[in-house]
Amino acid sequence: MKVLYFAWLRQKIGTGEEQIDPPDTVATAGQLIDWLVTRGPGYATAFKDARAVKIAVNQTFGDRETPIAANDEVAFFPPVTGG
Amino acid sequence: MKVLYFAWLRQKIGTGEEQIDPPDTVATAGQLIDWLVTRGPGYATAFKDARAVKIAVNQTFGDRETPIAANDEVAFFPPVTGG
Amino acid sequence: MTVRVQEEDFDLGTELDALTQGNTSIGGMCSFVGLVRDMNEGSGVGGMVLEHYPGMTEKMLEEIEAEAHRRWSLQASLIIHRYGPLEPGDRIVLVAAASPHREAAFEACHFLIDWLKTKAPFWKAEQLDSGETRWVEARDGDEQAASKWR
Amino acid sequence: MTVRVQEEDFDLGTELDALTQGNTSIGGMCSFVGLVRDMNEGSGVGGMVLEHYPGMTEKMLEEIEAEAHRRWSLQASLIIHRYGPLEPGDRIVLVAAASPHREAAFEACHFLIDWLKTKAPFWKAEQLDSGETRWVEARDGDEQAASKWR
């Protein structure tokens with residue numbers, strides 16, 4: 001599974017992109033977050049205010065309930081501020 | 001008094017600008033119209049649908065009640081269609 | 001604040017770039033360009049002549065622009081309106097407003113063209129494909145659009 | 001319909017002229033340019049870096065543009081958004097919409113920037129005059145502006 005982090009999530013986690021292989025119990029984006037925060041303090045800080053984190057699965061906006069699978073591209077980022 | 005006509009008023013009257021000297025009883029723009037229509041069929045046609053005619057006195061929008069004096073510039077024209 | 005009434009065409013990029021140039025308080029600029037269409041009210045239009053009231057035109061455009069600056073916090077604004085003979089595809093008018101914030105820029109720009117449409121002394125005579133010349137009639141929709149801003 | 005995401009600047013005149021060129025059904029074109037301001041939230045801003053999500057950005061901008069064409073009768077539209085390092089006064093974004101009628105052009109253009117502001121994956125990191133780098137926070141006003149179009 002390809003996971004992407006942008007803006008301050010990227011900075012707090014220390015990488016913008018990683019290839020991960022979560023356990024089979026991780027079936028939704030929310031479950032992925034819950035698993036990621038166990039991986040280290042950077043993740044814990046990045047996802048501390050979970051309401052501030054937006055989720056995209058395969059480049060489409062989703063939420064904590066959105067199902068994810070092994071070949072998906074999952075991205076986490078703050079609310080957007082372009083324009 | 002300088003009187004200006006634009007668009008189809010100009011065409012119906014046959015001139016865009018004239019210097020006139022109406023009688024002293026003509027004290028408002030509406031009275032000027034009433035006097036002008038006695039001057040010939042072009043004027044009568046131009047002012048037939050009086051509601052369609054806009055009035056400006058010294059380049060400021062007015063109406064039939066707007067007072068006019070000898071040195072004023074009075075203009076008559078259809079509703080504007082620029083832009 | 002700039003108002004120009006001219007027969008010749010204008011260059012959109014030059015005008016809009018000049019409007020924001022060197023002013024780093026500007027966060028957004030909204031502009032509107034009106035162009036001659038080849039169709040109006042169901043008739044083919046081969047061209048038009050725009051008549052105006054020299055003197056009063058400039059005065060009204062300046063008043064409209066000043067009113068926009070009273071209503072919104074604008075860093076810059078521009079109105080250019082052409083007159084004389086025009087063909088389909090030709091630019092007729094450019095209005096633009098620049099502000100620290102985008103809502104003010106949008107509203108002021110929209111206001112400029114809505115008020116211009118009902119208050120600036122211009123008249124369009126269309127040359128129809130039928131050979132006829134037709135004075136464009138004022139649209140109720142333009143009055144309604146302008147009255148939004150009362 | 002055109003969407004471009006690029007690091008380099010764009011020429012406003014070239015882009016807007018190309019949008020209406022040769023299409024004499026267009027009666028009005030509305031455009032909006034967003035620029036980097038030297039102040040934000042009370043702090044002096046010396047520059048910024050715009051980060052984005054390559055792939056999703058283009059996809060979202062194309063969806064936003066397609067939605068505008070579903071809602072309004074448009075002859076042409078354009079979205080250009082830059083990324084990378086930018087300085088005060090630099091152009092960030094251009095959106096434009098052209099239609100036979102001016103109301104559609106205005107509304108569609110306004111819609112494009114309002115939706116882009118809440119749906120396109122861009123993030124601004126401001127370099128403050130204090131030396132600090134600050135991630136710009138999303139504004140409630142932008143959410144409200146976007147929700148007008150729901």
# chains A, B, ... in the order shown; residues from 1 in each chain; ligands from 1

$ interface_residues --of "chain C" --to "chain B" --cutoff "9 Å" --atoms "only C-alpha atoms" --output "CSV table (one decimal) with N, CA, C and O atoms, in the first residue's frame"
chain,number,residue,atom,x,y,z
C,33,VAL,N,-14.8,40.9,-19.4
C,33,VAL,CA,-14.7,41.4,-20.8
C,33,VAL,C,-16.0,41.1,-21.5
C,33,VAL,O,-16.5,40.0,-21.5
C,34,GLY,N,-16.6,42.2,-22.1
C,34,GLY,CA,-17.8,42.0,-22.9
C,34,GLY,C,-17.3,42.0,-24.4
C,34,GLY,O,-16.5,42.8,-24.8
C,35,LEU,N,-17.9,41.0,-25.1
C,35,LEU,CA,-17.5,40.9,-26.5
C,35,LEU,C,-18.7,40.9,-27.4
C,35,LEU,O,-19.8,40.6,-27.0
C,50,LEU,N,-21.4,51.4,-31.9
C,50,LEU,CA,-21.7,51.8,-30.5
C,50,LEU,C,-21.6,53.4,-30.5
C,50,LEU,O,-20.6,53.9,-30.7
C,51,GLU,N,-22.8,54.0,-30.2
C,51,GLU,CA,-22.8,55.4,-30.0
C,51,GLU,C,-22.8,55.7,-28.5
C,51,GLU,O,-23.1,54.9,-27.7
C,52,HIS,N,-22.2,56.9,-28.2
C,52,HIS,CA,-22.2,57.3,-26.8
C,52,HIS,C,-22.3,58.8,-26.7
C,52,HIS,O,-22.5,59.5,-27.7
C,53,TYR,N,-22.4,59.3,-25.5
C,53,TYR,CA,-22.6,60.7,-25.2
C,53,TYR,C,-21.3,61.2,-24.6
C,53,TYR,O,-21.1,61.2,-23.4
C,55,GLY,N,-18.5,63.0,-22.8
C,55,GLY,CA,-18.6,63.9,-21.6
C,55,GLY,C,-19.4,63.3,-20.5
C,55,GLY,O,-18.9,62.9,-19.5
C,56,MET,N,-20.7,63.0,-20.8
C,56,MET,CA,-21.5,62.3,-19.8
C,56,MET,C,-21.0,60.9,-19.6
C,56,MET,O,-21.0,60.4,-18.5
C,57,THR,N,-20.6,60.2,-20.6
C,57,THR,CA,-20.1,58.8,-20.5
C,57,THR,C,-19.0,58.8,-19.5
C,57,THR,O,-19.0,58.0,-18.5
C,59,LYS,N,-18.1,60.9,-17.2
C,59,LYS,CA,-18.6,61.3,-15.9
C,59,LYS,C,-19.3,60.2,-15.2
C,59,LYS,O,-19.1,59.9,-14.0
C,60,MET,N,-20.2,59.4,-15.9
C,60,MET,CA,-21.0,58.4,-15.3
C,60,MET,C,-20.0,57.2,-14.9
C,60,MET,O,-20.2,56.6,-13.9
C,81,HIS,N,-14.2,51.3,-22.1
C,81,HIS,CA,-15.3,51.0,-22.9
C,81,HIS,C,-15.0,51.6,-24.3
C,81,HIS,O,-14.6,52.8,-24.4
C,92,ILE,N,-15.7,44.8,-26.4
C,92,ILE,CA,-16.5,46.1,-26.2
C,92,ILE,C,-16.0,46.8,-24.9
C,92,ILE,O,-15.8,48.0,-24.9
C,93,VAL,N,-15.9,46.0,-23.8
C,93,VAL,CA,-15.7,46.7,-22.5
C,93,VAL,C,-14.9,45.8,-21.7
C,93,VAL,O,-14.9,44.5,-21.8
C,94,LEU,N,-14.1,46.4,-20.8
C,94,LEU,CA,-13.3,45.7,-19.8
C,94,LEU,C,-13.6,46.4,-18.4
C,94,LEU,O,-13.4,47.6,-18.3
C,113,ILE,N,-19.9,46.2,-13.8
C,113,ILE,CA,-20.6,46.0,-15.1
C,113,ILE,C,-22.1,46.1,-15.0
C,113,ILE,O,-22.7,46.6,-16.0
C,114,ASP,N,-22.7,45.7,-13.9
C,114,ASP,CA,-24.1,45.8,-13.8
C,114,ASP,C,-24.6,47.2,-13.8
C,114,ASP,O,-25.6,47.6,-14.4
C,116,LEU,N,-22.8,49.8,-15.0
C,116,LEU,CA,-22.5,50.4,-16.3
C,116,LEU,C,-23.6,50.1,-17.3
C,116,LEU,O,-24.0,50.9,-18.1
C,117,LYS,N,-24.1,48.9,-17.3
C,117,LYS,CA,-25.1,48.4,-18.2
C,117,LYS,C,-26.4,49.2,-18.2
C,117,LYS,O,-27.2,49.3,-19.2
C,118,THR,N,-26.7,49.9,-17.0
C,118,THR,CA,-28.0,50.6,-16.9
C,118,THR,C,-27.7,52.1,-16.8
C,118,THR,O,-28.7,52.9,-16.9
C,119,LYS,N,-26.5,52.6,-16.5
C,119,LYS,CA,-26.2,54.0,-16.2
C,119,LYS,C,-25.3,54.7,-17.2
C,119,LYS,O,-25.2,55.9,-17.1
C,120,ALA,N,-24.5,54.0,-18.0
C,120,ALA,CA,-23.5,54.6,-18.8
C,120,ALA,C,-24.2,54.8,-20.2
C,120,ALA,O,-24.7,53.9,-20.8
C,121,PRO,N,-24.1,56.1,-20.7
C,121,PRO,CA,-24.9,56.4,-22.0
C,121,PRO,C,-24.2,55.9,-23.2
C,121,PRO,O,-23.5,56.6,-23.9
C,122,PHE,N,-24.4,54.6,-23.5
C,122,PHE,CA,-24.0,53.9,-24.7
C,122,PHE,C,-25.2,53.3,-25.4
C,122,PHE,O,-26.1,52.9,-24.7
C,123,TRP,N,-25.2,53.3,-26.7
C,123,TRP,CA,-26.3,52.6,-27.4
C,123,TRP,C,-25.8,51.8,-28.6
C,123,TRP,O,-24.9,52.3,-29.3
C,124,LYS,N,-26.3,50.6,-28.7
C,124,LYS,CA,-25.8,49.7,-29.7
C,124,LYS,C,-26.8,49.6,-30.9
C,124,LYS,O,-27.9,49.4,-30.7
C,125,ALA,N,-26.2,49.9,-32.1
C,125,ALA,CA,-27.0,49.6,-33.3
C,125,ALA,C,-26.4,48.4,-34.1
C,125,ALA,O,-25.3,48.5,-34.5
C,135,TRP,N,-31.7,49.0,-33.4
C,135,TRP,CA,-31.2,49.5,-32.1
C,135,TRP,C,-31.5,48.4,-31.1
C,135,TRP,O,-32.6,48.0,-30.9
C,136,VAL,N,-30.5,48.0,-30.4
C,136,VAL,CA,-30.7,47.0,-29.3
C,136,VAL,C,-31.6,47.6,-28.2
C,136,VAL,O,-31.4,48.8,-27.9
C,137,GLU,N,-32.5,46.8,-27.8
C,137,GLU,CA,-33.4,47.3,-26.7
C,137,GLU,C,-32.9,47.0,-25.4
C,137,GLU,O,-32.2,45.9,-25.2
C,138,ALA,N,-33.1,47.8,-24.4
C,138,ALA,CA,-32.6,47.6,-23.0
C,138,ALA,C,-33.3,46.3,-22.5
C,138,ALA,O,-34.5,46.1,-22.8
C,139,ARG,N,-32.6,45.5,-21.8
C,139,ARG,CA,-33.2,44.3,-21.2
C,139,ARG,C,-33.6,44.5,-19.8
C,139,ARG,O,-32.9,45.1,-19.0

$ select_by_dssp --residues "region 86-139 of chain C" --states "alpha helix (DSSP H)" --output "list in words"
Arg102, Glu103, Ala104, Ala105, Phe106, Glu107, Ala108, Cys109, His110, Phe111, Leu112, Ile113, Asp114, Trp115, Leu116, Lys117, Thr118 and Lys119 of chain C

$ write_last_selection --atoms "C-alpha atoms" --output "PDB file, in the first residue's frame"
ATOM      1  CA  ARG C 102     -11.375  37.801  -3.446  1.00  0.00           C
ATOM      2  CA  GLU C 103     -14.998  38.403  -2.424  1.00  0.00           C
ATOM      3  CA  ALA C 104     -14.552  42.181  -2.635  1.00  0.00           C
ATOM      4  CA  ALA C 105     -12.857  41.837  -6.030  1.00  0.00           C
ATOM      5  CA  PHE C 106     -15.696  39.670  -7.392  1.00  0.00           C
ATOM      6  CA  GLU C 107     -18.503  41.795  -6.006  1.00  0.00           C
ATOM      7  CA  ALA C 108     -16.986  45.100  -7.094  1.00  0.00           C
ATOM      8  CA  CYS C 109     -16.289  43.796 -10.612  1.00  0.00           C
ATOM      9  CA  HIS C 110     -19.824  42.467 -10.923  1.00  0.00           C
ATOM     10  CA  PHE C 111     -21.201  45.762  -9.600  1.00  0.00           C
ATOM     11  CA  LEU C 112     -19.146  47.779 -12.127  1.00  0.00           C
ATOM     12  CA  ILE C 113     -20.565  45.970 -15.140  1.00  0.00           C
ATOM     13  CA  ASP C 114     -24.129  45.789 -13.769  1.00  0.00           C
ATOM     14  CA  TRP C 115     -24.271  49.521 -13.086  1.00  0.00           C
ATOM     15  CA  LEU C 116     -22.490  50.388 -16.329  1.00  0.00           C
ATOM     16  CA  LYS C 117     -25.133  48.406 -18.229  1.00  0.00           C
ATOM     17  CA  THR C 118     -27.956  50.641 -16.950  1.00  0.00           C
ATOM     18  CA  LYS C 119     -26.223  53.972 -16.228  1.00  0.00           C
TER      19      LYS C 119
END

$ closest_residue --among "B:Asn71, B:Val37, B:Tyr43, B:Arg64" --to "Gln19 (chain B)" --atoms "only C-alpha atoms"
B:Asn71

$ closest_residue --among "A:Gly62, A:Gly40, A:Pro67, A:Gly30" --to "Lys12 (chain A)" --atoms "only C-alpha atoms"
A:Gly40

$ calpha_fit_and_write --fixed "chain A" --moving "chain B" --output "PDB file with C-alpha atoms, in the first residue's frame"
ATOM      1  CA  MET B   1      -0.017  -0.023  -0.011  1.00  0.00           C
ATOM      2  CA  LYS B   2       1.309   3.404  -0.946  1.00  0.00           C
ATOM      3  CA  VAL B   3       0.741   6.080   1.696  1.00  0.00           C
ATOM      4  CA  LEU B   4       1.309   9.805   1.097  1.00  0.00           C
ATOM      5  CA  TYR B   5       1.575  12.679   3.590  1.00  0.00           C
ATOM      6  CA  PHE B   6       1.406  16.373   2.720  1.00  0.00           C
ATOM      7  CA  ALA B   7       2.151  19.733   4.335  1.00  0.00           C
ATOM      8  CA  TRP B   8       2.539  19.574   8.129  1.00  0.00           C
ATOM      9  CA  LEU B   9       1.671  15.860   8.237  1.00  0.00           C
ATOM     10  CA  ARG B  10       4.650  15.230   5.956  1.00  0.00           C
ATOM     11  CA  GLN B  11       6.885  17.340   8.196  1.00  0.00           C
ATOM     12  CA  LYS B  12       5.749  15.698  11.430  1.00  0.00           C
ATOM     13  CA  ILE B  13       6.061  12.163  10.057  1.00  0.00           C
ATOM     14  CA  GLY B  14       9.355  12.957   8.336  1.00  0.00           C
ATOM     15  CA  THR B  15       8.490  11.506   4.943  1.00  0.00           C
ATOM     16  CA  GLY B  16       6.111  12.339   2.123  1.00  0.00           C
ATOM     17  CA  GLU B  17       5.624   8.833   0.824  1.00  0.00           C
ATOM     18  CA  GLU B  18       6.091   5.282   2.009  1.00  0.00           C
ATOM     19  CA  GLN B  19       5.224   1.749   0.996  1.00  0.00           C
ATOM     20  CA  ILE B  20       3.628  -0.100   3.907  1.00  0.00           C
ATOM     21  CA  ASP B  21       2.075  -3.473   4.569  1.00  0.00           C
ATOM     22  CA  PRO B  22      -0.436  -3.136   7.399  1.00  0.00           C
ATOM     23  CA  PRO B  23      -1.984  -6.214   9.062  1.00  0.00           C
ATOM     24  CA  ASP B  24      -5.158  -7.732   7.570  1.00  0.00           C
ATOM     25  CA  THR B  25      -7.280  -6.190  10.357  1.00  0.00           C
ATOM     26  CA  VAL B  26      -6.700  -2.762   8.751  1.00  0.00           C
ATOM     27  CA  ALA B  27      -9.631  -2.513   6.314  1.00  0.00           C
ATOM     28  CA  THR B  28     -10.558   1.191   6.405  1.00  0.00           C
ATOM     29  CA  ALA B  29      -8.709   4.520   6.298  1.00  0.00           C
ATOM     30  CA  GLY B  30      -9.596   5.092   9.966  1.00  0.00           C
ATOM     31  CA  GLN B  31      -8.131   1.730  10.956  1.00  0.00           C
ATOM     32  CA  LEU B  32      -4.991   2.633   8.988  1.00  0.00           C
ATOM     33  CA  ILE B  33      -4.623   5.835  11.036  1.00  0.00           C
ATOM     34  CA  ASP B  34      -5.080   3.865  14.265  1.00  0.00           C
ATOM     35  CA  TRP B  35      -2.346   1.470  13.172  1.00  0.00           C
ATOM     36  CA  LEU B  36       0.014   4.203  11.914  1.00  0.00           C
ATOM     37  CA  VAL B  37       0.005   6.075  15.236  1.00  0.00           C
ATOM     38  CA  THR B  38       1.459   2.944  16.917  1.00  0.00           C
ATOM     39  CA  ARG B  39       4.509   3.171  14.649  1.00  0.00           C
ATOM     40  CA  GLY B  40       6.183   6.152  16.346  1.00  0.00           C
ATOM     41  CA  PRO B  41       5.855   9.565  17.954  1.00  0.00           C
ATOM     42  CA  GLY B  42       5.921  11.406  14.573  1.00  0.00           C
ATOM     43  CA  TYR B  43       2.775   9.594  13.475  1.00  0.00           C
ATOM     44  CA  ALA B  44       1.130  10.112  16.850  1.00  0.00           C
ATOM     45  CA  THR B  45       1.756  13.861  16.640  1.00  0.00           C
ATOM     46  CA  ALA B  46       0.644  14.099  13.032  1.00  0.00           C
ATOM     47  CA  PHE B  47      -2.671  12.367  13.696  1.00  0.00           C
ATOM     48  CA  LYS B  48      -3.275  13.830  17.168  1.00  0.00           C
ATOM     49  CA  ASP B  49      -5.989  16.180  15.951  1.00  0.00           C
ATOM     50  CA  ALA B  50      -7.715  13.592  13.748  1.00  0.00           C
ATOM     51  CA  ARG B  51     -10.494  16.027  12.801  1.00  0.00           C
ATOM     52  CA  ALA B  52      -7.925  18.241  11.088  1.00  0.00           C
ATOM     53  CA  VAL B  53      -6.756  15.412   8.824  1.00  0.00           C
ATOM     54  CA  LYS B  54      -8.281  14.918   5.373  1.00  0.00           C
ATOM     55  CA  ILE B  55      -8.195  11.515   3.687  1.00  0.00           C
ATOM     56  CA  ALA B  56      -7.973  10.600   0.002  1.00  0.00           C
ATOM     57  CA  VAL B  57      -8.078   7.030  -1.296  1.00  0.00           C
ATOM     58  CA  ASN B  58      -6.863   6.606  -4.874  1.00  0.00           C
ATOM     59  CA  GLN B  59      -6.967  10.398  -5.296  1.00  0.00           C
ATOM     60  CA  THR B  60     -10.618  10.687  -4.295  1.00  0.00           C
ATOM     61  CA  PHE B  61     -11.741  12.306  -1.040  1.00  0.00           C
ATOM     62  CA  GLY B  62     -12.817   9.763   1.548  1.00  0.00           C
ATOM     63  CA  ASP B  63     -13.247   9.508   5.297  1.00  0.00           C
ATOM     64  CA  ARG B  64     -12.377   7.155   8.164  1.00  0.00           C
ATOM     65  CA  GLU B  65     -14.930   4.609   6.913  1.00  0.00           C
ATOM     66  CA  THR B  66     -13.550   4.434   3.359  1.00  0.00           C
ATOM     67  CA  PRO B  67     -12.363   0.837   2.636  1.00  0.00           C
ATOM     68  CA  ILE B  68      -8.725   0.379   1.642  1.00  0.00           C
ATOM     69  CA  ALA B  69      -6.910  -2.530  -0.013  1.00  0.00           C
ATOM     70  CA  ALA B  70      -3.324  -3.604  -0.632  1.00  0.00           C
ATOM     71  CA  ASN B  71      -2.811  -1.801  -3.946  1.00  0.00           C
ATOM     72  CA  ASP B  72      -4.498   1.455  -2.964  1.00  0.00           C
ATOM     73  CA  GLU B  73      -2.885   4.889  -2.761  1.00  0.00           C
ATOM     74  CA  VAL B  74      -3.925   6.470   0.526  1.00  0.00           C
ATOM     75  CA  ALA B  75      -3.133  10.124   1.286  1.00  0.00           C
ATOM     76  CA  PHE B  76      -3.390  12.165   4.482  1.00  0.00           C
ATOM     77  CA  PHE B  77      -3.220  15.949   4.534  1.00  0.00           C
ATOM     78  CA  PRO B  78      -4.496  19.102   6.263  1.00  0.00           C
ATOM     79  CA  PRO B  79      -7.477  21.071   4.890  1.00  0.00           C
ATOM     80  CA  VAL B  80      -6.388  22.570   1.565  1.00  0.00           C
ATOM     81  CA  THR B  81      -5.262  26.200   1.268  1.00  0.00           C
ATOM     82  CA  GLY B  82      -4.553  26.820  -2.415  1.00  0.00           C
ATOM     83  CA  GLY B  83      -6.086  29.373  -4.729  1.00  0.00           C
TER      84      GLY B  83
END

$ closest_residue --among "C:Glu41, C:Glu7, C:Asp90, C:Asp129" --to "chain D" --atoms "only C-alpha atoms"
C:Asp90

$ closest_atom_pairs --of "chain D" --to "chain C" --cutoff "8 Å" --atoms "only C-alpha atoms" --output "JSON lines"
{"residue": "D:Asp11", "atom": "CA", "partner": "C:Gly13", "partner_atom": "CA", "distance": 7.4}
{"residue": "D:Leu12", "atom": "CA", "partner": "C:Gly13", "partner_atom": "CA", "distance": 5.4}
{"residue": "D:Gly13", "atom": "CA", "partner": "C:Gly13", "partner_atom": "CA", "distance": 3.4}
{"residue": "D:Thr14", "atom": "CA", "partner": "C:Gly13", "partner_atom": "CA", "distance": 7.0}
{"residue": "D:Leu16", "atom": "CA", "partner": "C:Leu12", "partner_atom": "CA", "distance": 7.7}
{"residue": "D:Asp17", "atom": "CA", "partner": "C:Leu12", "partner_atom": "CA", "distance": 7.5}
{"residue": "D:Thr20", "atom": "CA", "partner": "C:Gly89", "partner_atom": "CA", "distance": 7.9}
{"residue": "D:Gln21", "atom": "CA", "partner": "C:Gly89", "partner_atom": "CA", "distance": 7.5}
{"residue": "D:Gly22", "atom": "CA", "partner": "C:Gly89", "partner_atom": "CA", "distance": 6.9}
{"residue": "D:Asn23", "atom": "CA", "partner": "C:Gly89", "partner_atom": "CA", "distance": 6.8}
{"residue": "D:Thr24", "atom": "CA", "partner": "C:Gly89", "partner_atom": "CA", "distance": 4.8}
{"residue": "D:Ser25", "atom": "CA", "partner": "C:Arg37", "partner_atom": "CA", "distance": 5.3}
{"residue": "D:Ile26", "atom": "CA", "partner": "C:Arg37", "partner_atom": "CA", "distance": 6.0}
{"residue": "D:Gly27", "atom": "CA", "partner": "C:Leu35", "partner_atom": "CA", "distance": 4.8}
{"residue": "D:Gly28", "atom": "CA", "partner": "C:Gly34", "partner_atom": "CA", "distance": 4.5}
{"residue": "D:Met29", "atom": "CA", "partner": "C:Val33", "partner_atom": "CA", "distance": 5.2}
{"residue": "D:Cys30", "atom": "CA", "partner": "C:Phe32", "partner_atom": "CA", "distance": 4.4}
{"residue": "D:Ser31", "atom": "CA", "partner": "C:Ser31", "partner_atom": "CA", "distance": 5.3}
{"residue": "D:Phe32", "atom": "CA", "partner": "C:Cys30", "partner_atom": "CA", "distance": 4.4}
{"residue": "D:Val33", "atom": "CA", "partner": "C:Met29", "partner_atom": "CA", "distance": 5.2}
{"residue": "D:Gly34", "atom": "CA", "partner": "C:Gly28", "partner_atom": "CA", "distance": 4.5}
{"residue": "D:Leu35", "atom": "CA", "partner": "C:Gly27", "partner_atom": "CA", "distance": 4.8}
{"residue": "D:Val36", "atom": "CA", "partner": "C:Gly27", "partner_atom": "CA", "distance": 6.0}
{"residue": "D:Arg37", "atom": "CA", "partner": "C:Thr24", "partner_atom": "CA", "distance": 5.2}
{"residue": "D:Asp38", "atom": "CA", "partner": "C:Thr24", "partner_atom": "CA", "distance": 5.6}
{"residue": "D:Met39", "atom": "CA", "partner": "C:Ser25", "partner_atom": "CA", "distance": 7.1}
{"residue": "D:Pro88", "atom": "CA", "partner": "C:Thr24", "partner_atom": "CA", "distance": 5.7}
{"residue": "D:Gly89", "atom": "CA", "partner": "C:Thr24", "partner_atom": "CA", "distance": 4.8}
{"residue": "D:Pro100", "atom": "CA", "partner": "C:Arg37", "partner_atom": "CA", "distance": 7.5}
{"residue": "D:Arg102", "atom": "CA", "partner": "C:Gly34", "partner_atom": "CA", "distance": 7.8}
{"residue": "D:Phe106", "atom": "CA", "partner": "C:His110", "partner_atom": "CA", "distance": 7.4}
{"residue": "D:His110", "atom": "CA", "partner": "C:Phe106", "partner_atom": "CA", "distance": 7.4}

$ select_by_dssp --residues "region 63-93 of chain D" --states "strand (DSSP E)" --output "MDAnalysis selection string"
chainID D and resid 76:82 84:86 91:93

$ residues_around --residues "Val3 (chain D)" --least-positions-apart "3" --cutoff "8 Å" --atoms "only C-alpha atoms" --output "list in words"
Glu58, Leu61, Glu62, Leu78, Ile79 and Ile80 of chain D
